[in-house]
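*Asks:* Take a look at the following structure, please.
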Amino acid sequence: MSALSGTLLRDFNLRATPNREEILQLFILKNYALSHGDIEKEIANSLDRVTVYRTLKTFLDKGLIHKVLDDEGSLKYALCKEACNTVEHHHDHVHFKCTNCGQTICLNLDVPPLKLPKGYTATETNLLVQGVCEKCN
Ligand SMILES: [Zn+2]
Ligand SMILES: [Zn+2]
Ligand SMILES: [Zn+2]
């Protein structure tokens, strides 16, 4: 197991279990967002669906990973680069889905501020741009 994932878990006050380390390690290795299915495919088959689900939920709650809404409403997850914590996630960056390789990545680009109609309050903004990524271009 990598020292990095273990350290990261400890930083977030999470016990470094082999399952957690394995899943976290995957997020560190891949620089694109992972779906539930991707994770199940990549990790040792000793982990069942429920364990993967619970681990992702824990990471989400602790501010280690964030949700990435893909096209067609499918859900992926990516590592939080900014300082997120148990209280809130601090990022409104743009996500980019490559129509060629199918990978969805976090862009270092903020969602432009939106002027909502009177009476509306935003708690979360998701912006997905689709096109061809740097690698495929
Ligand atoms: Zn976050
Ligand atoms: Zn691509
Ligand atoms: Zn992201």
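Residues in the structure tokens are named by chain (A, B, ... in the order shown) and by number from 1 within that chain; ligands are numbered from 1 in the order shown.
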Can you build me a table of chain A residues sitting at most 7 Å from ligand 1, with the closest atom pair per residue and its distance in Å to one decimal, using only C-alpha atoms and all ligand atoms, sorted by chain and residue number, as a tab-separated table?
*Replies:*
```
residue	atom	partner	partner_atom_place_in_ligand_line	distance
A:Gly63	CA	ligand 1	1 (Zn)	5.1
A:Leu64	CA	ligand 1	1 (Zn)	6.3
A:Ile65	CA	ligand 1	1 (Zn)	5.6
A:His66	CA	ligand 1	1 (Zn)	4.8
A:Cys80	CA	ligand 1	1 (Zn)	4.4
A:Glu82	CA	ligand 1	1 (Zn)	6.6
A:Cys84	CA	ligand 1	1 (Zn)	4.7
A:His89	CA	ligand 1	1 (Zn)	4.0
A:His90	CA	ligand 1	1 (Zn)	5.8
A:His91	CA	ligand 1	1 (Zn)	6.1
```
*Asks:* If you keep all heavy atoms, can you produce a file of those selected residues as a PDB file, in the first residue's frame?
*Replies:*
```
ATOM      1  N   GLY A  63     -14.689  15.058   2.862  1.00  0.00           N
ATOM      2  CA  GLY A  63     -14.105  16.070   1.993  1.00  0.00           C
ATOM      3  C   GLY A  63     -12.877  15.612   1.224  1.00  0.00           C
ATOM      4  O   GLY A  63     -12.045  16.410   0.828  1.00  0.00           O
ATOM      5  N   LEU A  64     -12.753  14.307   1.043  1.00  0.00           N
ATOM      6  CA  LEU A  64     -11.618  13.770   0.271  1.00  0.00           C
ATOM      7  C   LEU A  64     -11.922  13.714  -1.218  1.00  0.00           C
ATOM      8  O   LEU A  64     -11.051  13.897  -2.054  1.00  0.00           O
ATOM      9  CB  LEU A  64     -11.308  12.346   0.752  1.00  0.00           C
ATOM     10  CG  LEU A  64     -10.272  12.170   1.834  1.00  0.00           C
ATOM     11  CD1 LEU A  64     -10.412  10.789   2.451  1.00  0.00           C
ATOM     12  CD2 LEU A  64      -8.880  12.338   1.281  1.00  0.00           C
ATOM     13  N   ILE A  65     -13.154  13.396  -1.531  1.00  0.00           N
ATOM     14  CA  ILE A  65     -13.566  13.325  -2.930  1.00  0.00           C
ATOM     15  C   ILE A  65     -14.851  14.129  -3.109  1.00  0.00           C
ATOM     16  O   ILE A  65     -15.542  14.424  -2.131  1.00  0.00           O
ATOM     17  CB  ILE A  65     -13.800  11.865  -3.418  1.00  0.00           C
ATOM     18  CG1 ILE A  65     -14.886  11.163  -2.592  1.00  0.00           C
ATOM     19  CG2 ILE A  65     -12.511  11.060  -3.394  1.00  0.00           C
ATOM     20  CD1 ILE A  65     -15.322   9.798  -3.153  1.00  0.00           C
ATOM     21  N   HIS A  66     -15.138  14.492  -4.336  1.00  0.00           N
ATOM     22  CA  HIS A  66     -16.382  15.208  -4.620  1.00  0.00           C
ATOM     23  C   HIS A  66     -17.109  14.533  -5.775  1.00  0.00           C
ATOM     24  O   HIS A  66     -16.516  13.786  -6.547  1.00  0.00           O
ATOM     25  CB  HIS A  66     -16.122  16.682  -4.903  1.00  0.00           C
ATOM     26  CG  HIS A  66     -15.252  16.938  -6.110  1.00  0.00           C
ATOM     27  ND1 HIS A  66     -13.888  16.854  -6.056  1.00  0.00           N
ATOM     28  CD2 HIS A  66     -15.555  17.249  -7.387  1.00  0.00           C
ATOM     29  CE1 HIS A  66     -13.395  17.122  -7.255  1.00  0.00           C
ATOM     30  NE2 HIS A  66     -14.385  17.360  -8.098  1.00  0.00           N
ATOM     31  N   CYS A  80     -10.559  15.684  -4.269  1.00  0.00           N
ATOM     32  CA  CYS A  80     -10.630  17.120  -4.021  1.00  0.00           C
ATOM     33  C   CYS A  80      -9.218  17.667  -3.949  1.00  0.00           C
ATOM     34  O   CYS A  80      -8.405  17.161  -3.185  1.00  0.00           O
ATOM     35  CB  CYS A  80     -11.345  17.407  -2.706  1.00  0.00           C
ATOM     36  SG  CYS A  80     -13.080  16.964  -2.731  1.00  0.00           S
ATOM     37  N   GLU A  82      -8.671  21.114  -3.599  1.00  0.00           N
ATOM     38  CA  GLU A  82      -8.705  22.249  -2.688  1.00  0.00           C
ATOM     39  C   GLU A  82      -8.948  21.756  -1.264  1.00  0.00           C
ATOM     40  O   GLU A  82      -9.147  20.575  -1.036  1.00  0.00           O
ATOM     41  CB  GLU A  82      -9.811  23.230  -3.084  1.00  0.00           C
ATOM     42  CG  GLU A  82      -9.564  23.890  -4.423  1.00  0.00           C
ATOM     43  CD  GLU A  82     -10.261  23.150  -5.568  1.00  0.00           C
ATOM     44  OE1 GLU A  82     -10.053  21.932  -5.718  1.00  0.00           O
ATOM     45  OE2 GLU A  82     -11.000  23.802  -6.295  1.00  0.00           O
ATOM     46  N   CYS A  84     -11.007  20.851   1.255  1.00  0.00           N
ATOM     47  CA  CYS A  84     -12.368  20.492   1.613  1.00  0.00           C
ATOM     48  C   CYS A  84     -12.336  19.828   2.980  1.00  0.00           C
ATOM     49  O   CYS A  84     -11.312  19.340   3.412  1.00  0.00           O
ATOM     50  CB  CYS A  84     -12.962  19.525   0.598  1.00  0.00           C
ATOM     51  SG  CYS A  84     -13.230  20.293  -1.000  1.00  0.00           S
ATOM     52  N   HIS A  89     -17.660  21.344   0.904  1.00  0.00           N
ATOM     53  CA  HIS A  89     -16.727  21.269  -0.209  1.00  0.00           C
ATOM     54  C   HIS A  89     -16.608  22.663  -0.791  1.00  0.00           C
ATOM     55  O   HIS A  89     -17.595  23.331  -1.033  1.00  0.00           O
ATOM     56  CB  HIS A  89     -17.258  20.301  -1.271  1.00  0.00           C
ATOM     57  CG  HIS A  89     -17.103  18.876  -0.883  1.00  0.00           C
ATOM     58  ND1 HIS A  89     -16.011  18.133  -1.225  1.00  0.00           N
ATOM     59  CD2 HIS A  89     -17.906  18.059  -0.174  1.00  0.00           C
ATOM     60  CE1 HIS A  89     -16.156  16.905  -0.746  1.00  0.00           C
ATOM     61  NE2 HIS A  89     -17.292  16.835  -0.099  1.00  0.00           N
ATOM     62  N   HIS A  90     -15.368  23.112  -0.997  1.00  0.00           N
ATOM     63  CA  HIS A  90     -15.145  24.482  -1.449  1.00  0.00           C
ATOM     64  C   HIS A  90     -14.771  24.548  -2.907  1.00  0.00           C
ATOM     65  O   HIS A  90     -13.713  25.043  -3.235  1.00  0.00           O
ATOM     66  CB  HIS A  90     -13.963  25.103  -0.700  1.00  0.00           C
ATOM     67  CG  HIS A  90     -14.192  25.242   0.753  1.00  0.00           C
ATOM     68  ND1 HIS A  90     -14.879  26.283   1.299  1.00  0.00           N
ATOM     69  CD2 HIS A  90     -13.813  24.446   1.779  1.00  0.00           C
ATOM     70  CE1 HIS A  90     -14.903  26.130   2.609  1.00  0.00           C
ATOM     71  NE2 HIS A  90     -14.271  25.032   2.923  1.00  0.00           N
ATOM     72  N   HIS A  91     -15.509  23.977  -3.779  1.00  0.00           N
ATOM     73  CA  HIS A  91     -15.108  24.207  -5.164  1.00  0.00           C
ATOM     74  C   HIS A  91     -16.267  24.217  -6.131  1.00  0.00           C
ATOM     75  O   HIS A  91     -17.200  23.457  -6.020  1.00  0.00           O
ATOM     76  CB  HIS A  91     -14.034  23.233  -5.624  1.00  0.00           C
ATOM     77  CG  HIS A  91     -14.247  21.833  -5.166  1.00  0.00           C
ATOM     78  ND1 HIS A  91     -15.148  21.001  -5.750  1.00  0.00           N
ATOM     79  CD2 HIS A  91     -13.682  21.130  -4.165  1.00  0.00           C
ATOM     80  CE1 HIS A  91     -15.110  19.856  -5.121  1.00  0.00           C
ATOM     81  NE2 HIS A  91     -14.252  19.891  -4.153  1.00  0.00           N
TER      82      HIS A  91
END
```
*Asks:* Residues within 7 Å of ligand 3 should be enumerated using only C-alpha atoms and all ligand atoms and returned as a PyMOL selection string.
*Replies:* chain A and resi 66+68+78+80+93-95+105-107
*Asks:* Within 7 Å of ligand 2, counting only C-alpha atoms and all ligand atoms, which protein or nucleic acid residues do you find, written as a ChimeraX atom specification?
*Replies:* /A:98-103,132-136
*Asks:* What does the file look like for those residues with C-alpha atoms, as a PDB file, in the first residue's frame?
*Replies:*
```pdb
ATOM      1  CA  CYS A  98     -14.055  13.998 -23.468  1.00  0.00           C
ATOM      2  CA  THR A  99     -16.352  12.509 -26.072  1.00  0.00           C
ATOM      3  CA  ASN A 100     -13.410  10.593 -27.526  1.00  0.00           C
ATOM      4  CA  CYS A 101     -11.877   8.739 -24.560  1.00  0.00           C
ATOM      5  CA  GLY A 102     -14.922   9.112 -22.292  1.00  0.00           C
ATOM      6  CA  GLN A 103     -12.906  10.452 -19.381  1.00  0.00           C
ATOM      7  CA  VAL A 132     -12.121  16.626 -26.964  1.00  0.00           C
ATOM      8  CA  CYS A 133      -9.470  16.564 -24.244  1.00  0.00           C
ATOM      9  CA  GLU A 134      -5.807  17.563 -24.357  1.00  0.00           C
ATOM     10  CA  LYS A 135      -4.640  13.962 -24.710  1.00  0.00           C
ATOM     11  CA  CYS A 136      -6.984  13.174 -27.597  1.00  0.00           C
TER      12      CYS A 136
END
```
*Asks:* I need the residues in region 3-133 of chain A that are strand (DSSP E or B) according to DSSP; give them as a list in words.
*Replies:*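 Taking region 3-133 of chain A and keeping strand (DSSP E or B) only, one gets Leu34, Ser35, Ile65, His66, Lys67, Val68, Leu69, Leu75, Lys76, Tyr77, Ala78, Leu79, His93, Val94, His95, Phe96, Lys97, Cys98, Thr104, Ile105, Cys106, Leu107, Asn108, Leu109, Asp110, Leu128, Val129, Gln130 and Gly131 of chain A.
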*Asks:* Those same residues - N, CA and C atoms - I'd like them written as a JSON list (two decimals), in the first residue's frame.
*Replies:*
```
[["chain", "number", "residue", "atom", "x", "y", "z"],
["A", 34, "LEU", "N", -13.89, 8.87, -11.49],
["A", 34, "LEU", "CA", -14.21, 7.44, -11.54],
["A", 34, "LEU", "C", -15.66, 7.18, -11.15],
["A", 35, "SER", "N", -16.29, 6.32, -11.90],
["A", 35, "SER", "CA", -17.65, 5.91, -11.53],
["A", 35, "SER", "C", -17.54, 4.71, -10.59],
["A", 65, "ILE", "N", -13.15, 13.40, -1.53],
["A", 65, "ILE", "CA", -13.57, 13.33, -2.93],
["A", 65, "ILE", "C", -14.85, 14.13, -3.11],
["A", 66, "HIS", "N", -15.14, 14.49, -4.34],
["A", 66, "HIS", "CA", -16.38, 15.21, -4.62],
["A", 66, "HIS", "C", -17.11, 14.53, -5.77],
["A", 67, "LYS", "N", -18.38, 14.83, -5.87],
["A", 67, "LYS", "CA", -19.21, 14.26, -6.93],
["A", 67, "LYS", "C", -18.97, 14.99, -8.23],
["A", 68, "VAL", "N", -18.97, 14.25, -9.29],
["A", 68, "VAL", "CA", -18.85, 14.82, -10.62],
["A", 68, "VAL", "C", -20.04, 14.31, -11.42],
["A", 69, "LEU", "N", -20.90, 15.23, -11.84],
["A", 69, "LEU", "CA", -22.05, 14.80, -12.61],
["A", 69, "LEU", "C", -21.64, 14.66, -14.06],
["A", 75, "LEU", "N", -23.11, 9.37, -12.25],
["A", 75, "LEU", "CA", -22.34, 9.99, -11.19],
["A", 75, "LEU", "C", -20.93, 9.43, -11.14],
["A", 76, "LYS", "N", -19.96, 10.34, -11.06],
["A", 76, "LYS", "CA", -18.57, 9.93, -10.90],
["A", 76, "LYS", "C", -18.00, 10.67, -9.70],
["A", 77, "TYR", "N", -16.81, 10.29, -9.31],
["A", 77, "TYR", "CA", -16.16, 10.92, -8.17],
["A", 77, "TYR", "C", -14.73, 11.28, -8.52],
["A", 78, "ALA", "N", -14.25, 12.40, -7.97],
["A", 78, "ALA", "CA", -12.86, 12.80, -8.19],
["A", 78, "ALA", "C", -12.28, 13.33, -6.89],
["A", 79, "LEU", "N", -10.98, 13.23, -6.80],
["A", 79, "LEU", "CA", -10.24, 13.69, -5.63],
["A", 79, "LEU", "C", -10.40, 15.21, -5.49],
["A", 93, "HIS", "N", -15.58, 24.23, -9.66],
["A", 93, "HIS", "CA", -14.79, 24.24, -10.88],
["A", 93, "HIS", "C", -15.52, 23.51, -12.01],
["A", 94, "VAL", "N", -15.06, 23.77, -13.19],
["A", 94, "VAL", "CA", -15.67, 23.19, -14.39],
["A", 94, "VAL", "C", -15.18, 21.75, -14.57],
["A", 95, "HIS", "N", -16.07, 20.87, -14.98],
["A", 95, "HIS", "CA", -15.68, 19.51, -15.35],
["A", 95, "HIS", "C", -15.75, 19.36, -16.86],
["A", 96, "PHE", "N", -14.86, 18.58, -17.37],
["A", 96, "PHE", "CA", -14.77, 18.41, -18.81],
["A", 96, "PHE", "C", -14.88, 16.93, -19.18],
["A", 97, "LYS", "N", -15.83, 16.64, -20.03],
["A", 97, "LYS", "CA", -15.99, 15.24, -20.47],
["A", 97, "LYS", "C", -15.51, 15.12, -21.91],
["A", 98, "CYS", "N", -14.58, 14.21, -22.12],
["A", 98, "CYS", "CA", -14.06, 14.00, -23.47],
["A", 98, "CYS", "C", -14.94, 12.99, -24.18],
["A", 104, "THR", "N", -13.80, 11.97, -17.74],
["A", 104, "THR", "CA", -14.26, 13.25, -17.23],
["A", 104, "THR", "C", -13.21, 13.75, -16.25],
["A", 105, "ILE", "N", -12.75, 14.97, -16.44],
["A", 105, "ILE", "CA", -11.69, 15.48, -15.56],
["A", 105, "ILE", "C", -12.10, 16.81, -14.92],
["A", 106, "CYS", "N", -11.40, 17.14, -13.81],
["A", 106, "CYS", "CA", -11.60, 18.42, -13.14],
["A", 106, "CYS", "C", -10.71, 19.44, -13.82],
["A", 107, "LEU", "N", -11.27, 20.55, -14.23],
["A", 107, "LEU", "CA", -10.45, 21.61, -14.81],
["A", 107, "LEU", "C", -10.13, 22.65, -13.75],
["A", 108, "ASN", "N", -8.95, 23.21, -13.86],
["A", 108, "ASN", "CA", -8.54, 24.26, -12.95],
["A", 108, "ASN", "C", -9.14, 25.58, -13.42],
["A", 109, "LEU", "N", -10.45, 25.63, -13.41],
["A", 109, "LEU", "CA", -11.19, 26.76, -13.98],
["A", 109, "LEU", "C", -12.50, 26.87, -13.21],
["A", 110, "ASP", "N", -12.76, 28.05, -12.68],
["A", 110, "ASP", "CA", -13.99, 28.22, -11.89],
["A", 110, "ASP", "C", -15.21, 28.41, -12.78],
["A", 128, "LEU", "N", -20.66, 21.07, -16.78],
["A", 128, "LEU", "CA", -19.95, 20.03, -17.53],
["A", 128, "LEU", "C", -19.78, 20.49, -18.96],
["A", 129, "VAL", "N", -18.53, 20.58, -19.38],
["A", 129, "VAL", "CA", -18.24, 20.94, -20.76],
["A", 129, "VAL", "C", -17.86, 19.66, -21.49],
["A", 130, "GLN", "N", -18.40, 19.45, -22.66],
["A", 130, "GLN", "CA", -18.05, 18.25, -23.42],
["A", 130, "GLN", "C", -17.27, 18.64, -24.66],
["A", 131, "GLY", "N", -16.35, 17.79, -25.02],
["A", 131, "GLY", "CA", -15.54, 18.07, -26.19],
["A", 131, "GLY", "C", -14.41, 17.07, -26.28]]
```
*Asks:* CA of Val111 (chain A) and CA of Asp11 (chain A), how far apart in Å?
*Replies:*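 Pair CA of Asp11 (chain A) / CA of Val111 (chain A) returns 28.1 Å.
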*Asks:* Pick out the closest residue to Asn13 (chain A) from this set: A:Arg49, A:Lys41, A:Lys62, A:Arg54. Count only C-alpha atoms.
*Replies:*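 Comparing A:Arg49, A:Lys41, A:Lys62, A:Arg54 against Asn13 (chain A), the winner is A:Lys62.
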*Asks:* I'd like to know which of A:Thr121, A:Gln25, A:Asn85, A:Thr17 is closest to Glu42 (chain A), using only C-alpha atoms.
*Replies:* A:Gln25
*Asks:* Run DSSP on the backbone and grab whatever in chain A lands in alpha helix (DSSP H); send it over as a tab-separated table (two decimals) with C-alpha atoms, in the first residue's frame.
*Replies:*
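The result, stored in result07.tsv:
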```
chain	number	residue	atom	x	y	z
A	3	ALA	CA	2.40	5.73	1.98
A	4	LEU	CA	0.63	8.61	0.29
A	5	SER	CA	-2.89	7.27	0.64
A	6	GLY	CA	-2.17	6.31	4.25
A	7	THR	CA	-0.95	9.80	5.07
A	8	LEU	CA	-3.91	11.39	3.34
A	9	LEU	CA	-6.33	9.22	5.32
A	10	ARG	CA	-4.66	10.19	8.57
A	11	ASP	CA	-4.81	13.87	7.60
A	18	PRO	CA	-6.70	-1.65	3.42
A	19	ASN	CA	-10.02	-1.04	1.61
A	20	ARG	CA	-9.84	2.70	2.09
A	21	GLU	CA	-6.20	2.80	1.04
A	22	GLU	CA	-6.88	0.78	-2.08
A	23	ILE	CA	-9.77	2.94	-3.24
A	24	LEU	CA	-8.00	6.19	-2.37
A	25	GLN	CA	-4.90	5.00	-4.17
A	26	LEU	CA	-6.98	4.55	-7.29
A	27	PHE	CA	-8.13	8.17	-7.16
A	28	ILE	CA	-4.54	9.32	-6.71
A	29	LEU	CA	-3.31	7.26	-9.67
A	36	HIS	CA	-18.76	3.22	-9.13
A	37	GLY	CA	-18.32	0.70	-11.94
A	38	ASP	CA	-14.79	1.92	-12.75
A	39	ILE	CA	-13.77	1.44	-9.15
A	40	GLU	CA	-15.23	-2.05	-8.94
A	41	LYS	CA	-13.43	-3.00	-12.13
A	42	GLU	CA	-10.05	-1.66	-11.00
A	49	ARG	CA	-20.41	-3.38	-3.80
A	50	VAL	CA	-21.53	-2.33	-0.33
A	51	THR	CA	-17.95	-1.81	0.87
A	52	VAL	CA	-17.15	0.34	-2.15
A	53	TYR	CA	-20.36	2.32	-1.61
A	54	ARG	CA	-19.64	2.87	2.09
A	55	THR	CA	-16.04	3.87	1.46
A	56	LEU	CA	-17.07	6.42	-1.17
A	57	LYS	CA	-19.70	7.82	1.19
A	58	THR	CA	-17.08	8.22	3.93
A	59	PHE	CA	-14.66	9.96	1.56
A	60	LEU	CA	-17.43	12.27	0.38
A	61	ASP	CA	-18.48	13.16	3.92
A	62	LYS	CA	-14.89	13.85	4.96
```
*Asks:* CA of Asn31 (chain A) to CA of Lys81 (chain A): how many Å, to one decimal?
*Replies:*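 A separation of 11.2 Å between them.
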